[in-house]
Each structure stands twice: as structure tokens, then as C-alpha cells.
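Data first, discussion second: the structure below is written as C-alpha cells.
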Amino acid sequence: MKGQLLLSVVISQICGATVALSNSNGWKTRPVVPELARNNVSSRSKTQKWDAVRFLKQSSKFISLNPLKKNGNNLKKIISPNDVVWSATSGNENDFGFFPLDDVVMGGVSKSSFDNDGGMWSGVVDSANNGGFVGVRSSPSFQYDFSKCNGLKIKVEGGQGKRFKFIVRDSTDFNGVCWTSSFDVPKPLFGSRGTTSVQIPFSKQVPTIFARTVPDQKFNKMNVVGAQLAYSKFEYDGELNPNFELGEFELRVVEIVAY
């Protein structure tokens with residue numbers, strides 16, 4: 001019975017998201033219920049069997065049966081420049097970890113995993129069932145005040161010349177506005193993994209919902225409650241990621257530091 005209830009909650013909050021994957025325009029206004037905003041999605045991609053078990057396993061990590069229940073981590077923390085927000089070497093000392101939220105939640109078959117002890121994010125991206133993205137999302141929730149800071153610096157290894165997205169959330173709405181920054185990782189030289197430091201200025205983030213830009217939004221850096229990484233064939237408003245390839249990928253997140 002509990003499993004059936006969880007399934008209904010998850011489906012009501014996620015499944016409708018498939019309708020907005022490939023729209024060629026941004027939102028004219030912020031949708032009140034984005035899951036119900038309709039859009040035509042191409043059905044030309046190949047079809048594969050959908051993994052409902054993996055869908056439940058991934059999505060249940062971020063959906064609460066009791067939305068009024070408060071998390072113990074939700075005491076607001078003031079973040080100052082040079083504070084380490086997350087580190088691959090901190091293990092259980094981190095306030096949160098990263099966990100997969102791939103296109104299986106929208107009917108796809110792409111798959112990734114994240115090692116919170118070493119920071120390695122890897123997997124396979126597949127366009128079957130109109131999919132084409134993988135992602136990881138922070139859990140448990142937290143509440144950070146970045147009012148003293150201008151942004152984040154992310155140190156990564158690998159990436160093989162691909163373009164990724166880093167996403168910050170200032171709302172606990174499951175499908176709320178994603179404050180998104182795209183970043184390119186240089187191709188490695190002579191087979192080396194290479195380390196890249198990426199700056200994410202808060203002032204240059206792009207407000208999106210389902211990869212479509214949302215007008216008239218203001219980022220609340222006093223109430224940052226979540227973070228995500230994504231690797232997707234979609235850029236913004238129907239544009240394609242110019243540094244994207246289907247198949248295997250690998251990116252190690254070394255640390256995230258405020259500046």
C-alpha cells in the first residue's frame with residue numbers, strides 16, 4: 001500500500017515533465033504547474049523498455065510522503081567566501097550528497113551513478129524514449145545563505161571536452177525554477193584526466209524549468225536549498241548542446257567552494 005502511494009505521489013510530481021523537453025521557445029510566464037504545461041515531444045527516437053523499478057528508486061530519494069516534515073539539516077547556514085560547500089574528500093562531513101536523477105524519471109533509459117566518497121559521476125546517455133540526459137541532485141535538503149558571496153567555484157576532473165550544467169535551487173518546489181549555468185570542460189591532453197576550475201557567477205545564472213527559460217525571475221541567494229549537475233543533449237529553449245555525445249561519460253567533482 002505504501003509503495004502504491006509513493007508511486008502515485010511520484011508520478012503526479014514528475015511524469016508530466018516529459019511534455020517540456022524539446023520546446024523551441026522559453027516560457028512566456030512562469031508556469032504555475034509546469035507538469036501540466038503541454039508541449040509536443042518528438043516520438044521519432046527508438047523505443048526501449050522503461051525501468052519502473054529504477055524510476056521509483058531514483059525519484060523516491062527526493063519525494064517525501066509527508067511534505068510538511070522538516071529535515072534536520074534545514075537550519076540556515078551562513079556561507080562566506082572560500083567556504084567549502086562540498087568536497088569529495090569530506091565524506092560524511094558534507095551536509096549533503098549527490099544522487100542520480102536521470103531521464104528514467106521522464107520515461108528514458110539513460111543511467112548514471114555518483115560516488116559520494118570519491119566524487120566520480122559516470123554513466124551512459126541514450127536518446128531512446130525521447131530521453132537524452134543524466135543528472136544528480138543533492139539530498140538531503142539544506143538551507144544556505146550566500147548573501148556574502150558572488151558565486152561558486154567547482155573543481156572537476158575529466159569530462160572529455162563535454163558541456164555540463166550546474167544548477168542551484170532557491171525553492172523546495174520539486175519542479176521549481178532551476179538557476180542554471182552551462183560550463184565546458186576542456187579536452188584532456190595526452191590522455192591525462194586534467195583538472196578544471198569552473199566559476200558559476202550567481203549574476204549570470206539562467207532561470208529555467210525543463211530546460212526552457214523563465215522570464216522575470218529573481219534569484220534568492222539567501223535561500224539556496226539544493227544543487228544539481230546535468231549532462232544533457234538539450235541546452236536552452238530547444239537548442240542542442242554543442243558539446244554533447246551519446247554514450248559513456250565520466251566527470252569527477254573534486255570540490256565546490258563559495259567565492
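Please note that chains go A, B, ... in the order of the C-alpha cells, that every chain numbers its residues from 1, and that ligands are numbered from 1 in the order shown.
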
Check: Within 7 Å of Thr208 of chain A, counting only C-alpha atoms, which residues qualify if same-chain residues fewer than 3 places away don't, as a ChimeraX atom specification?
Finding: /A:177-180,211-214

Item checked: All residues 7 Å or closer to segment 226-241 of chain A, only C-alpha atoms, same chain fewer than 3 positions away omitted, as an NGL selection string -> :A and (22-26 or 132-138 or 141-142 or 164-169 or 211-213 or 244)

Filtering to N, CA and C atoms, could you give me those residues as a PDB file, in the first residue's frame?
```
ATOM      1  N   SER A  22      11.465  19.465 -25.393  1.00  0.00           N
ATOM      2  CA  SER A  22      12.057  19.943 -26.639  1.00  0.00           C
ATOM      3  C   SER A  22      11.344  21.137 -27.251  1.00  0.00           C
ATOM      4  N   ASN A  23      10.704  21.917 -26.412  1.00  0.00           N
ATOM      5  CA  ASN A  23      10.037  23.095 -26.937  1.00  0.00           C
ATOM      6  C   ASN A  23      11.066  24.091 -27.464  1.00  0.00           C
ATOM      7  N   SER A  24      10.748  24.767 -28.565  1.00  0.00           N
ATOM      8  CA  SER A  24      11.717  25.655 -29.199  1.00  0.00           C
ATOM      9  C   SER A  24      11.682  27.064 -28.623  1.00  0.00           C
ATOM     10  N   ASN A  25      10.832  27.338 -27.646  1.00  0.00           N
ATOM     11  CA  ASN A  25      10.740  28.659 -27.054  1.00  0.00           C
ATOM     12  C   ASN A  25      10.790  28.565 -25.541  1.00  0.00           C
ATOM     13  N   GLY A  26      11.144  29.712 -24.914  1.00  0.00           N
ATOM     14  CA  GLY A  26      11.075  29.771 -23.469  1.00  0.00           C
ATOM     15  C   GLY A  26       9.640  29.944 -23.015  1.00  0.00           C
ATOM     16  N   GLY A 132      17.675  11.576 -23.183  1.00  0.00           N
ATOM     17  CA  GLY A 132      18.926  12.174 -23.614  1.00  0.00           C
ATOM     18  C   GLY A 132      19.605  12.994 -22.544  1.00  0.00           C
ATOM     19  N   PHE A 133      19.404  12.642 -21.260  1.00  0.00           N
ATOM     20  CA  PHE A 133      20.120  13.370 -20.220  1.00  0.00           C
ATOM     21  C   PHE A 133      20.296  12.496 -18.983  1.00  0.00           C
ATOM     22  N   VAL A 134      21.315  12.846 -18.220  1.00  0.00           N
ATOM     23  CA  VAL A 134      21.535  12.268 -16.900  1.00  0.00           C
ATOM     24  C   VAL A 134      21.757  13.414 -15.927  1.00  0.00           C
ATOM     25  N   GLY A 135      21.533  13.160 -14.674  1.00  0.00           N
ATOM     26  CA  GLY A 135      21.740  14.205 -13.685  1.00  0.00           C
ATOM     27  C   GLY A 135      21.908  13.639 -12.299  1.00  0.00           C
ATOM     28  N   VAL A 136      22.432  14.464 -11.410  1.00  0.00           N
ATOM     29  CA  VAL A 136      22.479  14.143  -9.986  1.00  0.00           C
ATOM     30  C   VAL A 136      21.947  15.348  -9.226  1.00  0.00           C
ATOM     31  N   ARG A 137      21.292  15.071  -8.120  1.00  0.00           N
ATOM     32  CA  ARG A 137      20.657  16.124  -7.324  1.00  0.00           C
ATOM     33  C   ARG A 137      21.019  15.935  -5.856  1.00  0.00           C
ATOM     34  N   SER A 138      21.142  17.034  -5.138  1.00  0.00           N
ATOM     35  CA  SER A 138      21.557  16.974  -3.743  1.00  0.00           C
ATOM     36  C   SER A 138      20.443  16.448  -2.850  1.00  0.00           C
ATOM     37  N   SER A 141      17.906  17.891   1.861  1.00  0.00           N
ATOM     38  CA  SER A 141      17.807  19.324   1.596  1.00  0.00           C
ATOM     39  C   SER A 141      18.596  20.100   2.654  1.00  0.00           C
ATOM     40  N   PHE A 142      18.942  21.322   2.311  1.00  0.00           N
ATOM     41  CA  PHE A 142      19.686  22.196   3.215  1.00  0.00           C
ATOM     42  C   PHE A 142      19.179  23.607   3.013  1.00  0.00           C
ATOM     43  N   PHE A 164      28.538  20.561 -19.527  1.00  0.00           N
ATOM     44  CA  PHE A 164      27.659  20.154 -18.439  1.00  0.00           C
ATOM     45  C   PHE A 164      26.882  21.367 -17.931  1.00  0.00           C
ATOM     46  N   LYS A 165      25.950  21.105 -17.054  1.00  0.00           N
ATOM     47  CA  LYS A 165      25.206  22.187 -16.398  1.00  0.00           C
ATOM     48  C   LYS A 165      25.310  22.026 -14.883  1.00  0.00           C
ATOM     49  N   PHE A 166      25.475  23.160 -14.213  1.00  0.00           N
ATOM     50  CA  PHE A 166      25.362  23.184 -12.756  1.00  0.00           C
ATOM     51  C   PHE A 166      24.126  23.987 -12.406  1.00  0.00           C
ATOM     52  N   ILE A 167      23.323  23.460 -11.500  1.00  0.00           N
ATOM     53  CA  ILE A 167      22.014  24.042 -11.201  1.00  0.00           C
ATOM     54  C   ILE A 167      21.898  24.315  -9.707  1.00  0.00           C
ATOM     55  N   VAL A 168      21.418  25.502  -9.383  1.00  0.00           N
ATOM     56  CA  VAL A 168      21.173  25.900  -8.000  1.00  0.00           C
ATOM     57  C   VAL A 168      19.678  26.130  -7.836  1.00  0.00           C
ATOM     58  N   ARG A 169      19.152  25.727  -6.701  1.00  0.00           N
ATOM     59  CA  ARG A 169      17.719  25.911  -6.434  1.00  0.00           C
ATOM     60  C   ARG A 169      17.513  26.798  -5.213  1.00  0.00           C
ATOM     61  N   ALA A 211      14.491  22.964 -18.939  1.00  0.00           N
ATOM     62  CA  ALA A 211      15.391  23.478 -19.977  1.00  0.00           C
ATOM     63  C   ALA A 211      14.770  24.584 -20.829  1.00  0.00           C
ATOM     64  N   ARG A 212      13.693  25.188 -20.365  1.00  0.00           N
ATOM     65  CA  ARG A 212      13.097  26.347 -21.029  1.00  0.00           C
ATOM     66  C   ARG A 212      13.253  27.550 -20.114  1.00  0.00           C
ATOM     67  N   THR A 213      13.705  28.671 -20.673  1.00  0.00           N
ATOM     68  CA  THR A 213      13.949  29.861 -19.878  1.00  0.00           C
ATOM     69  C   THR A 213      12.642  30.444 -19.341  1.00  0.00           C
ATOM     70  N   PHE A 244      28.067  17.658 -26.859  1.00  0.00           N
ATOM     71  CA  PHE A 244      27.365  16.505 -26.293  1.00  0.00           C
ATOM     72  C   PHE A 244      27.544  15.305 -27.205  1.00  0.00           C
TER      73      PHE A 244
END
```

Next item on the list: Fewer than 5 positions away in the same chain doesn't count, so skip those; otherwise give me all residues within 6 Å of segment 51-60 of chain A, counting only C-alpha atoms, as a ChimeraX atom specification.
Entry: /A:101,104-105

Can I get the selection written as a compact mmCIF listing (two decimals), in the first residue's frame, with C-alpha atoms?
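Result went into part_10.txt, see below:
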```
# COMPACT_ATOMS: atom_id res chain seq x y z
CA LEU A 101 18.01 11.74 -11.18
CA VAL A 104 14.26 7.47 -16.38
CA VAL A 105 12.02 9.83 -14.38
```

Next item on the list: Do a neighbour search on segment 93-97 of chain A at 8 Å with only C-alpha atoms, toss out local chain neighbours closer than 4 positions, and write the hits as a list in words.
Entry: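 My list of contacting residues is Asn73, Val85, Trp86, Ser87, Asn116, Ser138, Ser139, Pro140, Ser141 and Phe142 of chain A.
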
Next item on the list: To one decimal in Å, tell me the separation between atom CA of Gly107 of chain A and atom CA of Pro31 of chain A.
Entry: 21.8 Å

Item checked: Within 12 Å of segment 147-154 of chain A using only C-alpha atoms, minus same-chain residues under 6 positions, as JSON, numbers by chain -> {"A": [77, 78, 79, 80, 81, 82, 83, 84, 85, 86, 87, 88, 119, 164, 165, 166, 167, 168, 179, 181, 183, 184, 185, 195, 196, 197, 198, 199, 200, 201, 202, 203, 204, 205, 219, 220, 221, 222, 223, 224, 227, 229, 251, 252, 253, 254, 255, 256, 257, 258, 259]}

How would the residues just picked look written out with N, CA and C atoms as a compact mmCIF listing (two decimals), in the first residue's frame?
```txt
# COMPACT_ATOMS: atom_id res chain seq x y z
N LYS A 77 22.41 28.10 7.22
CA LYS A 77 23.86 28.24 7.41
C LYS A 77 24.34 29.43 6.58
N ILE A 78 25.06 30.33 7.22
CA ILE A 78 25.63 31.46 6.52
C ILE A 78 26.92 31.02 5.85
N ILE A 79 27.00 31.19 4.52
CA ILE A 79 28.17 30.80 3.76
C ILE A 79 29.00 32.04 3.43
N SER A 80 30.30 31.95 3.67
CA SER A 80 31.21 33.05 3.38
C SER A 80 32.14 32.67 2.23
N PRO A 81 32.74 33.65 1.56
CA PRO A 81 33.70 33.34 0.51
C PRO A 81 34.81 32.42 1.02
N ASN A 82 35.20 31.47 0.18
CA ASN A 82 36.21 30.45 0.46
C ASN A 82 35.71 29.30 1.32
N ASP A 83 34.44 29.33 1.73
CA ASP A 83 33.88 28.18 2.44
C ASP A 83 33.72 27.02 1.47
N VAL A 84 34.10 25.82 1.91
CA VAL A 84 33.90 24.62 1.10
C VAL A 84 32.46 24.14 1.29
N VAL A 85 31.70 24.14 0.22
CA VAL A 85 30.29 23.73 0.28
C VAL A 85 30.17 22.21 0.18
N TRP A 86 30.99 21.61 -0.66
CA TRP A 86 31.01 20.14 -0.80
C TRP A 86 32.40 19.72 -1.24
N SER A 87 32.87 18.60 -0.70
CA SER A 87 34.19 18.11 -1.08
C SER A 87 34.18 16.60 -1.19
N ALA A 88 34.88 16.08 -2.21
CA ALA A 88 34.96 14.64 -2.40
C ALA A 88 35.76 13.97 -1.30
N GLY A 119 33.62 11.36 -5.48
CA GLY A 119 33.17 12.41 -6.38
C GLY A 119 33.03 12.01 -7.83
N PHE A 164 28.54 20.56 -19.53
CA PHE A 164 27.66 20.15 -18.44
C PHE A 164 26.88 21.37 -17.93
N LYS A 165 25.95 21.10 -17.05
CA LYS A 165 25.21 22.19 -16.40
C LYS A 165 25.31 22.03 -14.88
N PHE A 166 25.48 23.16 -14.21
CA PHE A 166 25.36 23.18 -12.76
C PHE A 166 24.13 23.99 -12.41
N ILE A 167 23.32 23.46 -11.50
CA ILE A 167 22.01 24.04 -11.20
C ILE A 167 21.90 24.31 -9.71
N VAL A 168 21.42 25.50 -9.38
CA VAL A 168 21.17 25.90 -8.00
C VAL A 168 19.68 26.13 -7.84
N TRP A 179 18.19 27.45 -11.42
CA TRP A 179 19.13 28.51 -11.76
C TRP A 179 20.36 27.84 -12.36
N SER A 181 23.68 27.10 -15.00
CA SER A 181 24.90 27.61 -15.64
C SER A 181 25.53 26.47 -16.43
N PHE A 183 28.71 24.87 -18.49
CA PHE A 183 30.16 25.03 -18.49
C PHE A 183 30.80 23.92 -19.32
N ASP A 184 31.86 24.28 -20.01
CA ASP A 184 32.60 23.35 -20.86
C ASP A 184 33.86 22.88 -20.15
N VAL A 185 34.15 21.60 -20.29
CA VAL A 185 35.37 21.02 -19.75
C VAL A 185 36.33 20.79 -20.91
N THR A 195 42.56 18.76 -14.52
CA THR A 195 41.70 19.39 -13.52
C THR A 195 41.28 20.76 -14.01
N THR A 196 40.01 21.05 -13.93
CA THR A 196 39.45 22.32 -14.39
C THR A 196 38.71 22.99 -13.25
N SER A 197 38.91 24.29 -13.09
CA SER A 197 38.17 25.07 -12.11
C SER A 197 37.16 25.95 -12.84
N VAL A 198 35.90 25.78 -12.52
CA VAL A 198 34.81 26.47 -13.21
C VAL A 198 34.15 27.46 -12.27
N GLN A 199 33.96 28.69 -12.72
CA GLN A 199 33.26 29.69 -11.91
C GLN A 199 31.79 29.73 -12.31
N ILE A 200 30.94 29.77 -11.31
CA ILE A 200 29.48 29.88 -11.50
C ILE A 200 29.02 31.18 -10.86
N PRO A 201 29.03 32.31 -11.60
CA PRO A 201 28.56 33.58 -11.02
C PRO A 201 27.03 33.55 -10.84
N PHE A 202 26.58 33.90 -9.67
CA PHE A 202 25.13 33.93 -9.44
C PHE A 202 24.45 34.90 -10.39
N SER A 203 25.15 35.98 -10.74
CA SER A 203 24.54 37.02 -11.57
C SER A 203 24.30 36.59 -13.01
N LYS A 204 24.95 35.49 -13.45
CA LYS A 204 24.82 35.04 -14.84
C LYS A 204 24.04 33.74 -14.98
N GLN A 205 23.42 33.29 -13.90
CA GLN A 205 22.61 32.08 -13.99
C GLN A 205 21.38 32.29 -14.87
N PHE A 219 16.83 35.64 -8.40
CA PHE A 219 17.49 34.61 -7.59
C PHE A 219 17.59 35.07 -6.14
N ASN A 220 17.16 34.20 -5.23
CA ASN A 220 17.23 34.48 -3.79
C ASN A 220 18.43 33.75 -3.20
N LYS A 221 19.59 34.41 -3.19
CA LYS A 221 20.78 33.72 -2.71
C LYS A 221 20.84 33.61 -1.19
N MET A 222 19.81 34.13 -0.51
CA MET A 222 19.71 33.93 0.94
C MET A 222 18.99 32.63 1.27
N ASN A 223 18.51 31.93 0.24
CA ASN A 223 17.71 30.73 0.49
C ASN A 223 18.05 29.63 -0.52
N VAL A 224 19.30 29.26 -0.61
CA VAL A 224 19.71 28.18 -1.51
C VAL A 224 19.45 26.85 -0.81
N ALA A 227 21.18 21.67 -5.08
CA ALA A 227 22.13 21.80 -6.19
C ALA A 227 22.05 20.55 -7.06
N LEU A 229 23.77 18.63 -10.92
CA LEU A 229 24.61 18.59 -12.11
C LEU A 229 23.84 17.85 -13.18
N LEU A 251 32.83 12.26 -15.17
CA LEU A 251 33.25 13.55 -14.62
C LEU A 251 33.43 13.38 -13.12
N ARG A 252 34.59 13.77 -12.62
CA ARG A 252 34.81 13.73 -11.17
C ARG A 252 34.66 15.13 -10.60
N VAL A 253 33.80 15.26 -9.60
CA VAL A 253 33.63 16.53 -8.89
C VAL A 253 34.57 16.49 -7.69
N VAL A 254 35.54 17.40 -7.67
CA VAL A 254 36.54 17.41 -6.60
C VAL A 254 36.04 18.21 -5.42
N GLU A 255 35.57 19.42 -5.68
CA GLU A 255 35.04 20.25 -4.59
C GLU A 255 34.22 21.41 -5.15
N ILE A 256 33.37 21.95 -4.30
CA ILE A 256 32.56 23.14 -4.60
C ILE A 256 32.83 24.15 -3.51
N VAL A 257 33.30 25.34 -3.90
CA VAL A 257 33.73 26.36 -2.96
C VAL A 257 33.03 27.67 -3.28
N ALA A 258 32.62 28.41 -2.26
CA ALA A 258 31.99 29.71 -2.46
C ALA A 258 33.04 30.77 -2.73
N TYR A 259 32.66 31.79 -3.49
CA TYR A 259 33.58 32.94 -3.66
C TYR A 259 32.80 34.26 -3.59
```

Notebook entry, point to check: Which distance in Å separates atom CA of Asp126 of chain A and atom CA of Val109 of chain A, to one decimal?
Noted result: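 So the answer is 6.3 Å.
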
Next item on the list: Name the closest residue to Met106 of chain A among the candidates A:Asn130, A:Ser90, A:Asn243, A:Gln48; distances are taken between atoms, counting only C-alpha atoms.
Entry: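 Counting only C-alpha atoms, the residue closest to Met106 of chain A is A:Asn130.
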
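Atom to atom, atom CA of Gly159 of chain A and atom CA of Glu250 of chain A stand 5.7 Å apart.
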
Next item on the list: Can you check which residues of segment 43-128 of chain A DSSP gives as helix (DSSP H, G or I) on the backbone and send them as a VMD selection string?
Entry: chain A and resid 52 to 59 91 to 93 103 to 106 128
